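Coordinates from work.csv are shown below (CSV, C-alpha atoms and all ligand atoms).
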chain,number,residue,atom,x,y,z
A,29,MET,CA,-135.4,-30.3,56.3
A,30,LYS,CA,-135.8,-33.4,54.4
A,31,GLN,CA,-138.1,-36.0,55.8
A,32,PHE,CA,-136.3,-38.9,57.4
A,33,ARG,CA,-137.3,-42.1,55.8
A,34,VAL,CA,-139.3,-44.2,58.3
A,35,ALA,CA,-140.4,-47.1,56.1
A,36,PRO,CA,-138.5,-50.1,57.2
A,37,MET,CA,-136.4,-51.7,54.5
A,38,ALA,CA,-135.8,-55.4,54.4
A,39,SER,CA,-132.2,-56.2,53.7
A,40,SER,CA,-133.4,-58.8,51.1
A,41,GLU,CA,-134.8,-56.0,49.0
A,42,ILE,CA,-131.4,-54.4,48.4
A,43,THR,CA,-128.8,-55.5,46.0
A,44,PRO,CA,-125.3,-55.0,47.3
A,45,GLU,CA,-124.3,-53.0,44.2
A,46,SER,CA,-127.2,-50.5,44.3
A,47,VAL,CA,-126.7,-49.9,48.0
A,48,TYR,CA,-123.0,-49.4,47.6
A,49,LEU,CA,-123.4,-46.9,44.8
A,50,GLN,CA,-126.3,-45.2,46.5
A,51,ARG,CA,-124.3,-44.9,49.6
A,52,ARG,CA,-121.2,-43.5,47.8
A,53,ARG,CA,-123.4,-40.9,46.1
A,54,PHE,CA,-125.0,-40.1,49.3
A,55,LEU,CA,-121.8,-39.6,51.2
A,56,ARG,CA,-120.4,-37.5,48.3
A,57,THR,CA,-123.4,-35.1,48.3
A,58,LEU,CA,-123.6,-34.8,52.1
A,59,GLY,CA,-120.6,-32.7,52.8
A,60,LEU,CA,-120.1,-29.0,52.3
A,61,ALA,CA,-116.4,-29.2,51.6
A,62,ALA,CA,-113.8,-31.9,51.2
A,63,PRO,CA,-111.9,-32.2,54.4
A,64,LEU,CA,-108.2,-31.7,54.4
A,65,LEU,CA,-106.6,-34.3,56.6
A,66,ALA,CA,-104.8,-32.9,59.5
A,67,THR,CA,-101.2,-32.8,58.4
A,68,GLY,CA,-99.1,-35.1,60.3
A,69,CYS,CA,-101.6,-38.0,60.2
A,70,GLY,CA,-99.8,-39.5,57.2
A,71,GLY,CA,-96.9,-39.0,55.0
A,72,SER,CA,-93.3,-39.4,55.8
A,73,GLU,CA,-91.9,-38.9,59.2
A,74,PRO,CA,-88.5,-37.7,60.3
A,75,GLY,CA,-85.9,-40.4,59.9
A,76,GLN,CA,-88.0,-42.5,57.5
A,77,ALA,CA,-88.0,-43.0,53.8
A,78,ALA,CA,-89.3,-40.0,51.8
A,79,VAL,CA,-91.9,-42.1,50.1
A,80,PRO,CA,-94.2,-43.4,52.8
A,81,SER,CA,-95.2,-47.0,52.6
A,82,ALA,CA,-98.8,-47.7,51.9
A,83,ASP,CA,-99.9,-48.2,55.4
A,84,GLU,CA,-98.6,-44.8,56.6
A,85,THR,CA,-100.9,-43.0,54.2
A,86,PRO,CA,-104.6,-42.9,54.8
A,87,SER,CA,-106.4,-45.2,52.3
A,88,GLY,CA,-109.9,-46.2,51.6
A,89,THR,CA,-112.9,-44.3,50.2
A,90,PRO,CA,-112.7,-40.6,50.9
A,91,LEU,CA,-115.6,-39.0,52.8
A,92,GLU,CA,-116.7,-35.4,52.5
A,93,SER,CA,-117.2,-33.8,55.8
A,94,ARG,CA,-117.2,-30.4,57.5
A,95,ARG,CA,-114.8,-29.8,60.3
A,96,ASN,CA,-116.3,-29.1,63.7
A,97,GLU,CA,-113.6,-27.5,65.7
A,98,ARG,CA,-115.7,-26.9,68.8
A,99,TRP,CA,-114.1,-29.7,70.8
A,100,ASP,CA,-110.8,-30.1,69.0
A,101,THR,CA,-107.9,-31.2,71.0
A,102,LYS,CA,-104.8,-29.5,69.8
A,103,GLU,CA,-102.6,-32.5,70.6
A,104,GLU,CA,-100.6,-34.3,68.0
A,105,PRO,CA,-102.6,-36.8,66.0
A,106,THR,CA,-101.8,-40.5,66.0
A,107,SER,CA,-100.5,-41.8,62.7
A,108,TRP,CA,-102.9,-43.5,60.4
A,109,ARG,CA,-100.7,-46.6,60.7
A,110,ASP,CA,-101.0,-46.8,64.5
A,111,ALA,CA,-104.7,-45.9,64.5
A,112,THR,CA,-105.4,-48.8,62.0
A,113,GLN,CA,-102.8,-51.4,63.1
A,114,TYR,CA,-103.0,-51.2,66.9
A,115,ASN,CA,-106.6,-52.0,67.7
A,116,ASN,CA,-109.0,-53.8,70.0
A,117,TYR,CA,-111.6,-55.8,68.2
A,118,TYR,CA,-111.9,-59.1,69.8
A,119,GLU,CA,-114.1,-60.6,67.1
A,120,PHE,CA,-110.9,-60.6,65.1
A,121,GLY,CA,-108.6,-61.8,67.8
A,122,THR,CA,-107.4,-60.4,71.2
A,123,GLY,CA,-103.9,-59.3,70.0
A,124,LYS,CA,-103.5,-55.6,69.0
A,125,SER,CA,-102.4,-56.5,65.5
A,126,ASP,CA,-105.0,-59.2,65.0
A,127,PRO,CA,-107.9,-56.9,63.9
A,128,ALA,CA,-105.8,-55.4,61.0
A,129,ARG,CA,-104.6,-58.9,60.0
A,130,ASN,CA,-107.8,-60.8,60.3
A,131,ALA,CA,-110.5,-58.3,59.3
A,132,GLY,CA,-110.0,-58.7,55.5
A,133,ARG,CA,-112.8,-61.1,55.0
A,134,PHE,CA,-115.4,-58.9,56.7
A,135,LYS,CA,-118.0,-57.3,54.4
A,136,PRO,CA,-119.4,-54.1,55.8
A,137,GLN,CA,-121.6,-53.5,52.8
A,138,PRO,CA,-124.6,-53.5,52.4
A,139,TRP,CA,-125.4,-52.7,56.0
A,140,THR,CA,-128.7,-52.3,57.9
A,141,VAL,CA,-129.4,-51.4,61.5
A,142,GLU,CA,-132.4,-52.5,63.5
A,143,VAL,CA,-134.0,-49.9,65.8
A,144,ALA,CA,-136.2,-51.2,68.5
A,145,GLY,CA,-137.6,-50.6,72.0
A,146,HIS,CA,-139.2,-47.5,73.5
A,147,ALA,CA,-139.5,-45.2,70.5
A,148,GLU,CA,-142.2,-44.2,68.1
A,149,VAL,CA,-140.2,-45.0,65.0
A,150,THR,CA,-138.7,-48.4,64.9
A,151,GLY,CA,-137.7,-50.9,62.1
A,152,ARG,CA,-134.8,-51.9,60.0
A,153,PHE,CA,-132.9,-49.1,58.2
A,154,ALA,CA,-130.3,-49.1,55.5
A,155,LEU,CA,-127.1,-47.4,56.7
A,156,GLU,CA,-127.5,-44.4,54.3
A,157,ASP,CA,-131.1,-43.9,55.6
A,158,LEU,CA,-129.9,-44.0,59.1
A,159,LEU,CA,-127.3,-41.3,58.4
A,160,LYS,CA,-129.7,-39.1,56.4
A,161,PRO,CA,-130.1,-36.1,56.3
A,162,GLN,CA,-127.2,-35.1,58.5
A,163,ALA,CA,-124.0,-33.7,57.2
A,164,LEU,CA,-120.9,-35.6,58.2
A,165,GLU,CA,-118.6,-33.8,60.6
A,166,GLU,CA,-114.9,-34.3,61.3
A,167,ARG,CA,-113.9,-34.0,64.9
A,168,ILE,CA,-110.5,-34.6,66.5
A,169,TYR,CA,-110.9,-36.4,69.8
A,170,ARG,CA,-108.7,-38.0,72.4
A,171,HIS,CA,-109.4,-41.7,72.5
A,172,ARG,CA,-108.5,-43.5,75.8
A,173,CYS,CA,-108.5,-47.3,76.2
A,174,VAL,CA,-109.1,-48.9,79.6
A,175,GLU,CA,-105.7,-50.6,79.1
A,176,ALA,CA,-104.0,-47.2,79.7
A,177,TRP,CA,-103.1,-46.3,76.2
A,178,SER,CA,-104.5,-43.4,74.2
A,179,MET,CA,-104.6,-41.9,70.7
A,180,VAL,CA,-105.7,-38.7,69.1
A,181,ILE,CA,-108.0,-39.4,66.2
A,182,PRO,CA,-109.9,-37.3,63.6
A,183,TRP,CA,-113.2,-39.1,63.4
A,184,VAL,CA,-115.9,-38.6,60.7
A,185,GLY,CA,-119.5,-39.1,61.7
A,186,ILE,CA,-122.8,-37.6,62.8
A,187,PRO,CA,-123.9,-36.6,66.3
A,188,LEU,CA,-125.5,-39.7,67.8
A,189,GLY,CA,-128.2,-37.7,69.7
A,190,GLU,CA,-129.5,-36.0,66.5
A,191,CYS,CA,-129.8,-39.4,64.9
A,192,LEU,CA,-131.5,-41.0,67.8
A,193,ALA,CA,-134.0,-38.1,68.2
A,194,ARG,CA,-135.4,-38.9,64.8
A,195,PHE,CA,-136.7,-42.2,66.2
A,196,LYS,CA,-138.7,-40.2,68.8
A,197,PRO,CA,-137.7,-42.1,71.9
A,198,THR,CA,-140.6,-42.2,74.4
A,199,SER,CA,-140.4,-41.1,78.1
A,200,ARG,CA,-139.7,-44.7,79.0
A,201,ALA,CA,-136.4,-44.7,77.0
A,202,LYS,CA,-133.9,-44.2,79.8
A,203,TYR,CA,-131.0,-46.1,78.2
A,204,VAL,CA,-129.8,-47.0,74.7
A,205,ALA,CA,-128.3,-50.4,74.0
A,206,PHE,CA,-126.0,-51.1,71.0
A,207,THR,CA,-125.5,-54.6,69.7
A,208,THR,CA,-122.7,-55.3,67.3
A,209,VAL,CA,-122.4,-57.8,64.4
A,210,ASN,CA,-122.0,-61.5,64.9
A,211,ARG,CA,-120.6,-63.3,61.8
A,212,PRO,CA,-118.5,-66.3,62.8
A,213,GLU,CA,-117.7,-67.0,59.1
A,214,GLN,CA,-116.0,-63.6,58.7
A,215,MET,CA,-114.8,-63.1,62.3
A,216,PRO,CA,-112.3,-65.7,63.5
A,217,GLY,CA,-112.2,-64.4,67.1
A,218,LEU,CA,-115.9,-65.4,67.6
A,219,ALA,CA,-114.7,-69.0,67.8
A,220,TYR,CA,-113.3,-68.2,71.3
A,221,PRO,CA,-115.6,-67.5,74.3
A,222,VAL,CA,-113.6,-64.5,75.4
A,223,LEU,CA,-116.7,-62.4,75.8
A,224,ASP,CA,-120.4,-63.2,75.8
A,225,TRP,CA,-121.0,-62.5,72.1
A,226,PRO,CA,-122.4,-60.5,70.4
A,227,TYR,CA,-120.5,-57.5,71.8
A,228,ARG,CA,-123.0,-55.2,73.6
A,229,GLU,CA,-122.7,-51.7,75.0
A,230,ALA,CA,-125.1,-49.1,76.3
A,231,LEU,CA,-125.4,-45.5,77.4
A,232,ARG,CA,-127.8,-43.6,79.6
A,233,ILE,CA,-130.1,-41.6,77.3
A,234,ASP,CA,-128.6,-38.3,78.4
A,235,GLU,CA,-125.1,-39.5,77.6
A,236,ALA,CA,-126.2,-40.7,74.2
A,237,MET,CA,-127.9,-37.4,73.5
A,238,HIS,CA,-124.9,-35.4,74.5
A,239,PRO,CA,-123.4,-33.5,71.5
A,240,LEU,CA,-120.0,-35.1,72.0
A,241,SER,CA,-121.3,-38.6,71.3
A,242,LEU,CA,-120.6,-39.5,67.8
A,243,LEU,CA,-121.8,-42.2,65.4
A,244,ALA,CA,-118.6,-42.6,63.4
A,245,VAL,CA,-118.4,-43.8,59.8
A,246,GLY,CA,-114.8,-42.8,59.1
A,247,LEU,CA,-111.4,-41.6,60.4
A,248,TYR,CA,-108.8,-39.4,58.7
A,249,GLY,CA,-111.3,-38.4,56.0
A,250,ARG,CA,-111.7,-42.1,54.9
A,251,GLU,CA,-114.4,-44.7,55.4
A,252,LEU,CA,-113.7,-46.8,58.5
A,253,PRO,CA,-111.4,-49.7,57.9
A,254,ASN,CA,-112.9,-53.0,59.0
A,255,GLN,CA,-110.6,-53.2,62.1
A,256,ASN,CA,-111.8,-49.8,63.2
A,257,GLY,CA,-115.4,-50.8,63.2
A,258,ALA,CA,-116.8,-50.5,59.7
A,259,PRO,CA,-119.2,-49.3,58.7
A,260,LEU,CA,-120.6,-47.7,61.8
A,261,ARG,CA,-119.3,-47.4,65.4
A,262,LEU,CA,-119.8,-45.4,68.5
A,263,VAL,CA,-117.4,-42.8,69.8
A,264,VAL,CA,-117.9,-41.5,73.3
A,265,PRO,CA,-114.7,-39.6,74.0
A,266,TRP,CA,-115.1,-39.1,77.8
A,267,LYS,CA,-115.4,-42.9,78.4
A,268,TYR,CA,-113.0,-45.7,78.1
A,269,GLY,CA,-112.7,-47.1,74.5
A,270,PHE,CA,-114.7,-50.3,75.2
A,271,LYS,CA,-117.9,-48.2,75.3
A,272,GLY,CA,-117.3,-47.5,71.6
A,273,ALA,CA,-119.1,-50.5,70.1
A,274,LYS,CA,-117.9,-51.3,66.6
A,275,SER,CA,-120.0,-52.5,63.6
A,276,ILE,CA,-123.3,-51.8,65.2
A,277,VAL,CA,-126.4,-53.7,63.9
A,278,ARG,CA,-129.0,-52.9,66.5
A,279,ILE,CA,-130.0,-49.9,68.6
A,280,GLU,CA,-132.6,-50.4,71.2
A,281,PHE,CA,-134.2,-48.0,73.7
A,282,TRP,CA,-134.5,-49.5,77.2
A,283,GLU,CA,-136.2,-48.5,80.4
A,284,ARG,CA,-133.8,-50.4,82.6
A,285,GLN,CA,-130.0,-50.4,82.4
A,286,PRO,CA,-129.0,-53.0,79.8
A,287,ALA,CA,-126.3,-55.6,80.4
A,288,THR,CA,-123.0,-54.8,78.6
A,289,SER,CA,-120.3,-57.3,77.5
A,290,TRP,CA,-117.3,-56.0,79.5
A,291,ASN,CA,-119.4,-55.6,82.6
A,292,LEU,CA,-120.6,-59.2,82.2
A,293,ALA,CA,-117.1,-60.4,81.7
A,294,GLY,CA,-115.6,-58.6,84.7
A,295,PRO,CA,-118.0,-56.6,86.8
A,296,SER,CA,-115.4,-55.5,89.3
A,297,GLU,CA,-113.1,-54.2,86.6
A,298,TYR,CA,-115.5,-52.7,84.0
A,299,GLY,CA,-118.4,-50.7,85.3
A,300,PHE,CA,-121.4,-49.5,83.3
A,301,TYR,CA,-120.3,-45.9,83.4
A,302,SER,CA,-116.6,-46.3,82.5
A,303,ASN,CA,-115.9,-42.6,82.6
A,304,VAL,CA,-112.2,-42.0,82.3
A,305,ASN,CA,-111.2,-41.3,85.9
A,306,PRO,CA,-107.6,-41.0,87.0
A,307,ASP,CA,-108.7,-41.4,90.6
A,308,VAL,CA,-110.3,-44.8,90.2
A,309,ASP,CA,-107.7,-47.5,89.3
A,310,HIS,CA,-108.5,-50.6,87.5
A,311,PRO,CA,-108.0,-53.4,90.0
A,312,ARG,CA,-104.9,-54.6,88.1
A,313,TRP,CA,-103.3,-51.3,87.0
A,314,THR,CA,-103.3,-47.6,87.5
A,315,GLN,CA,-105.5,-45.3,85.5
A,316,SER,CA,-103.7,-42.1,86.6
A,317,SER,CA,-101.6,-42.0,83.4
A,318,GLU,CA,-101.6,-43.4,79.9
A,319,ARG,CA,-99.3,-44.3,77.0
A,320,ARG,CA,-100.0,-41.7,74.3
A,321,ILE,CA,-99.6,-43.4,71.0
A,322,ALA,CA,-99.2,-40.4,68.7
A,323,GLY,CA,-96.7,-38.6,66.6
A,324,SER,CA,-93.6,-39.9,65.0
A,325,GLY,CA,-92.6,-42.3,67.7
A,326,GLY,CA,-95.8,-44.2,67.4
A,327,ASN,CA,-96.4,-47.2,69.6
A,328,LEU,CA,-92.7,-47.9,70.1
A,329,PHE,CA,-91.9,-44.6,71.8
A,330,ALA,CA,-95.3,-43.8,73.3
A,331,ARG,CA,-94.8,-41.3,76.1
A,332,ARG,CA,-96.6,-41.4,79.4
A,333,VAL,CA,-99.0,-38.5,80.0
A,334,ALA,CA,-101.3,-37.8,82.9
A,335,THR,CA,-104.8,-39.0,82.5
A,336,LEU,CA,-107.5,-36.3,82.7
A,337,PRO,CA,-110.8,-36.7,84.4
A,338,PHE,CA,-113.4,-37.5,81.8
A,339,ASN,CA,-110.5,-37.7,79.3
A,340,GLY,CA,-110.3,-33.9,79.3
A,341,TYR,CA,-114.0,-33.4,78.5
A,342,GLY,CA,-115.0,-32.6,82.1
A,343,ASP,CA,-116.3,-29.1,81.3
A,344,GLU,CA,-118.7,-30.6,78.8
A,345,VAL,CA,-119.9,-33.7,80.6
A,346,ALA,CA,-119.2,-33.5,84.4
A,347,SER,CA,-122.7,-32.1,85.0
A,348,LEU,CA,-124.3,-35.3,83.7
A,349,TYR,CA,-123.0,-37.0,86.8
A,350,ALA,CA,-123.8,-34.3,89.4
A,351,GLY,CA,-124.6,-35.9,92.7
A,352,MET,CA,-123.4,-39.4,91.7
A,353,ASP,CA,-120.5,-41.1,93.5
A,354,LEU,CA,-118.2,-41.9,90.6
A,355,ARG,CA,-116.1,-44.3,92.7
A,356,LYS,CA,-119.2,-46.5,93.1
A,357,ASN,CA,-120.4,-45.8,89.6
A,358,TYR,CA,-117.0,-46.5,87.9
B,1,LIG,N1,-117.6,-55.0,68.5
B,1,LIG,C1,-116.5,-54.6,69.3
B,1,LIG,N2,-116.4,-53.3,69.5
B,1,LIG,C2,-115.3,-52.9,70.3
B,1,LIG,C3,-114.4,-53.8,70.8
B,1,LIG,C4,-114.5,-55.2,70.5
B,1,LIG,O1,-113.7,-56.0,70.9
B,1,LIG,N3,-115.6,-55.5,69.7
B,1,LIG,N4,-113.3,-53.3,71.5
B,1,LIG,C5,-113.5,-52.0,72.2
B,1,LIG,C6,-112.3,-51.5,72.9
B,1,LIG,S1,-111.7,-52.3,74.3
B,1,LIG,C7,-111.7,-50.4,72.4
B,1,LIG,S2,-110.4,-49.7,73.3
B,1,LIG,C8,-112.1,-49.7,71.2
B,1,LIG,C9,-110.9,-49.6,70.3
B,1,LIG,O2,-111.2,-48.9,69.1
B,1,LIG,P1,-110.0,-48.6,68.1
B,1,LIG,O3,-109.5,-49.9,67.6
B,1,LIG,O4,-110.7,-47.9,66.9
B,1,LIG,O5,-109.0,-47.8,68.8
B,1,LIG,O6,-113.1,-50.5,70.5
B,1,LIG,C10,-114.1,-51.0,71.3
B,1,LIG,N5,-115.2,-51.5,70.5
B,2,MO,MO,-110.2,-50.8,75.3
This entry written out as structure tokens:
Amino acid sequence: MKQFRVAPMASSEITPESVYLQRRRFLRTLGLAAPLLATGCGGSEPGQAAVPSADETPSGTPLESRRNERWDTKEEPTSWRDATQYNNYYEFGTGKSDPARNAGRFKPQPWTVEVAGHAEVTGRFALEDLLKPQALEERIYRHRCVEAWSMVIPWVGIPLGECLARFKPTSRAKYVAFTTVNRPEQMPGLAYPVLDWPYREALRIDEAMHPLSLLAVGLYGRELPNQNGAPLRLVVPWKYGFKGAKSIVRIEFWERQPATSWNLAGPSEYGFYSNVNPDVDHPRWTQSSERRIAGSGGNLFARRVATLPFNGYGDEVASLYAGMDLRKNY
């Protein structure tokens, strides 16, 4: 196995061009085979023009990845258009179409991530060093927002736990906190005090180490669009979407449970755990069902489906919470 680079790299040492080219080369050589996008993600749909418009076809830099079918949901994928036009990313505005509309000025390259806290290896790492030497995987996950809508998305990324393990967290590392980027000049939503910026999320260390947790760099075989969290975001499929911090700039190992943005904003509505749980309603709406934004109907004709405990990943993760009262720890 190649040695993981541990020397911290100052962002000032890197020119944008070299990082970009290096990263492109790196991503190209990582994969074993080019992924074929799940058919149905793009292209024309019944009743629509034979030539799809640009936003119905995946666009952006292609990523090579290897399919990991272990946890694949067999459900119909969400269209590229819905997955990239109907988003939550409050730094770009609170409306669902604001992120796609307002994220154009955001520059996700070059990118560095600071690693800090209770670990033997800490420092500032260029994104490509953070990802090295892992092969990118493609995984089709259910994606459930706390606002009771859901999607089915083929993510491209690396297992979060394998990445974190290379920093050698110490025995005091009980939690992992993620801080996301704060760039008022590129993110118009930061002008409004909707949340206590920067956006912060955290996981217990065993949740972060679970093989389902993914550090995503792409979706539908392409680099993440800005509105989906470019260049690096968290995907924790058994939890509500807000646990999936976008555009991560800092990872810190904590001994005590870190504060998180949504929990600070509304502690009675957004708990630390936020496991998808049809039996624990949000104070203002039911969590027993969800609008599934997928297939040809898209957002307009989303059908209601029953919400599954742990978003359908209970066989994999329920044991993490053995003995815990999940009504108290919502
Ligand atoms: N930095 C940041 N990350 C964020 C958010 C945000 O507002 N800012 N919104 C969260 C919420 S509420 C959801 S549901 C998911 C949505 O991800 P998607 O747009 O890729 O579906 O991102 C999460 N990550
Ligand atoms: Mo959400």
Exercise. Hey, what's within 6 Å of range 236-250 of chain A if we count all atoms listed in the file and toss same-chain stuff fewer than 3 positions away? As a PyMOL selection string, please?
Worked result: chain A and resi 65+88-91+182-189+231+233+259-264
For this session: Please identify the residues whose atoms come within 12 Å of ligand MO 2 (chain B), using all atoms listed in the file, and report them as number ranges by chain.
Result: A: 114-118, 122-124, 171-179, 267-274, 290, 298, 302, 304
Exercise. To one decimal place, how far is CA of Met215 in chain A from CA of Arg278 in chain A in Å?
Worked result: 18.0 Å
For this session: Find the distance between CA of Arg332 in chain A and CA of Ser107 in chain A and write it in Å to one decimal.
Result: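 Straight-line distance from CA of Arg332 in chain A to CA of Ser107 in chain A works out to 17.2 Å.
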Problem set entry | Residues within 9 Å of (-128.1, -46.3, 76.6), counting all atoms listed in the file, listed as a VMD selection string | chain A and resid 201 to 206 229 to 236 279 to 282 285 to 286
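Candidate residues A:Thr150, A:Gln162, A:Asn339, A:Asn210 were compared for distance to ligand LIG 1 (chain B), and the nearest is A:Asn210, using all atoms listed in the file.
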What are the centre and edge lengths in Å, to one decimal, of the axis-aligned box around all listed atoms of ligand LIG 1 (chain B) with 6 Å added on each side, as AutoDock Vina command-line options?
--center_x -113.3 --center_y -51.9 --center_z 70.6 --size_x 20.6 --size_y 20.2 --size_z 19.4
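Across the model, the gap from CA of Ala154 in chain A to CA of Trp139 in chain A is 6.1 Å.
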For this session: Check the smallest atom-to-atom distance from each of A:Ala163, A:Leu192, A:Leu158, A:Val277 to ligand LIG 1 (chain B) using only C-alpha atoms and all ligand atoms, then report the winner.
Result: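 Smallest separation from ligand LIG 1 (chain B) among the options: A:Val277.
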For this session: Check the smallest atom-to-atom distance from each of A:Pro226, A:Gly340, A:Pro212, A:Gly151 to ligand LIG 1 (chain B) using only C-alpha atoms and all ligand atoms, then report the winner.
Result: A:Pro226
For this session: Find, counting all atoms listed in the file, the residue in A:Arg228, A:Arg152, A:Arg355, A:Arg94 that gets nearest to ligand LIG 1 (chain B).
Result: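 Closest candidate: A:Arg228.
Between ligand LIG 1 (chain B) and the residues A:Glu344, A:Glu97, A:Asp126, A:Asp157, the shortest atom-to-atom distance, using all atoms listed in the file, involves A:Asp126.
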Exercise. Which of these residues is nearest to Ala334 in chain A, using all atoms listed in the file: A:Thr112, A:Asp307, A:Asn291, A:Arg312?
Worked result: A:Asp307
For this session: Find the residues around Arg331 in chain A up to 9 Å (only C-alpha atoms counted), leave out those fewer than 5 positions away in its own chain, and share them as a ChimeraX atom specification.
Result: /A:318-322,325
